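*Asks:* Quick one: the structure is below, questions incoming.
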Amino acid sequence: MTANSQSRHFPHGEPSSGDTPLVVLRPITPRHGTHTLIAVSHRLRPRDYTIASLLDEHTTLTTEHLTSLLFTNPTTCRHRLHLLRRLHFIDRFIRNRPGAPNPVCWLPGLLSARYTALARGENPPTARALRERQDRIYSSPTLNHLLAVNTLFVSLLTHARHHPGTALTRWWSERTTTAAFGHRIKPDGHGVWTDGNQETGFFLELDRGTEPIRRLVDKLASHRKLRAEGGPHYPILFVLPSRLREQNLHRKLAERPEPTLTIATTSPVSGPHPAGPVWRLAGNGRHRLTLADLPSNHGHPGPLTPGPPHPDDHPLRLALDAIG
């Protein structure tokens with residue numbers, strides 16, 4: 001066995017060719033002591049660029065998120081993520097809190113941040129700016145909210161992996177959504193769900209029960225304005241922490257109806273998956289619809305209507321061939 005072959009290990013469940021990631025056991029020292037994309041380019045695969053794109057757009061994802069999205073074996077996922085960390089491509093943190101889950105959270109590293117910025121034609125962040133960004137994510141008081149939002153979208157993508165004919169063809173973060181719709185609205189995210197011939201665009205509002213119900217209803221004013229100015233007719237989805245809070249929201253909506261908007265709600269007891277028949281329309285009784293059955297219309301082309309998703313919008317576009 002050569003010295004080179006001794007330095008490499010192929011994790012169980014991954015073939016030893018094609019886009020297979022290598023877990024390198026010896027320390028990785030880039031040439032001339034620098035960390036550059038060129039120095040590690042021969043080690044990067046389409047799935048790695050997808051990870052970089054997802055972390056750039058959605059701030060942070062857990063090991064479980066990335067396993068569900070891009071891998072079939074949790075051990076293979078962990079090996080690959082740790083290799084990418086040693087390559088300075090991505091980074092991670094664990095925010096330990098007594099009595100709470102402590103997931104491993106992945107975020108952009110020096111090289112993935114450089115790659116995504118340059119791919120957009122932007123100046124890459126400095127090492128100092130990246131450290132500040134990472135610390136800001138780690139310290140964020142809304143980290144749990146962000147992870148819960150990302151979990152919902154990840155569950156849709158995971159569902160699509162195992163159900164042919166379905167797809168989450170667009171997944172935008174709060175930042176991208178706000179910019180795309182002219183800063184009229186600021187939901188937690190936007191997606192387009194496809195099931196057969198049904199295509200449903202939606203805005204997500206994830207509620208953790210930390211603010212009065214009236215604050216949730218107040219958020220609808222910006223959606224009403226967007227709709228009046230020519231925005232798309234997408235349903236606003238409220239994900240609530242309990243059935244009681246969901247019922248209270250419907251009572252408040254009955255007092256302040258929004259005839260120009262489609263509003264749907266769900267809570268954990270309604271069902272296990274957001275693609276399923278878990279959505280209750282405001283003002284339409286207690287019958288629950290699937291995500292694909294919610295009324296949705298992309299609207300007419302314009303500055304406030306991105307329209308149907310393009311192939312490049314698919315959140316896993318760079319790795320679709322690799323993950324099947």
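By order of appearance in the structure tokens: chains A, B, ..., then residues from 1 within every chain, and ligands from 1 in the order shown.
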Neighbours of Asp313 (chain A) within 7 Å (only C-alpha atoms; same-chain residues fewer than 4 positions away dropped), as a ChimeraX atom specification?

*Replies:* /A:169-170,309

*Asks:* Do you know which residues are at most 10 Å from Asp293 (chain A) counting only C-alpha atoms, after dropping those on the same chain fewer than 2 positions away, and could you put them as a ChimeraX atom specification?

*Replies:* /A:195,198-200,275-277,279,288-291,295-296

*Asks:* Would you give me, as a PyMOL selection string, the residues in region 28-223 of chain A that DSSP reads as strand (DSSP E)?

*Replies:* chain A and resi 61-62+90-94+104-108+166-173+189-195+198-206

*Asks:* If you measure from CA of Gly285 (chain A) to CA of Thr265 (chain A), what distance in Å do you get, rounded to one decimal?

*Replies:*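 Atom-to-atom, CA of Gly285 (chain A) to CA of Thr265 (chain A), that is 11.9 Å.
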
*Asks:* Could you give me, as a PyMOL selection string, each residue of region 25-217 of chain A that DSSP assigns to alpha helix (DSSP H) when run on this structure's backbone?

*Replies:* chain A and resi 37-40+46-58+63-70+74-86+110-119+127-139+143-162+174-180+213-217

*Asks:* Could you list, as an MDAnalysis selection string, every residue within 8 Å of region 121-137 of chain A, counting only C-alpha atoms and ignoring same-chain residues fewer than 2 positions away?

*Replies:* chainID A and resid 59:60 107:110 113:115 117:119 139:140 143

*Asks:* Would you pick out the contacts of Thr178 (chain A) at 12 Å or less, using only C-alpha atoms, so that residues sharing its chain but fewer than 3 positions from it are not included, and give the list as an MDAnalysis selection string?

*Replies:* chainID A and resid 172:175 181:190 203 222:223 226 304 306

*Asks:* Considering only C-alpha atoms, can you say which of A:Ser270, A:Thr305, A:Asn150, A:Thr177 comes closest to Arg227 (chain A)?

*Replies:*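 Looking only at the distances to Arg227 (chain A), the closest residue turns out to be A:Thr305.
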
*Asks:* Looking at A:Leu37, A:Cys105, A:Val239, A:Leu244, which one is nearest to Leu61 (chain A), with distances taken over only C-alpha atoms?

*Replies:*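 Once distances to Leu61 (chain A) are computed over only C-alpha atoms, the minimum belongs to A:Cys105.
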
*Asks:* Suppose you want the space between CA of Arg78 (chain A) and CA of Pro103 (chain A); what is it in Å?

*Replies:* 12.7 Å

*Asks:* One decimal, Å: what's the distance from CA of Thr260 (chain A) over to CA of Gly283 (chain A), could you say?

*Replies:*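 One can read the CA of Thr260 (chain A) to CA of Gly283 (chain A) distance as 12.2 Å.
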
*Asks:* Using only C-alpha atoms, find the one residue out of A:Pro241, A:Pro259, A:Gly302, A:Gly201 that sits nearest to Ala221 (chain A).

*Replies:*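 Under the stated criterion, the closest residue is A:Pro259.
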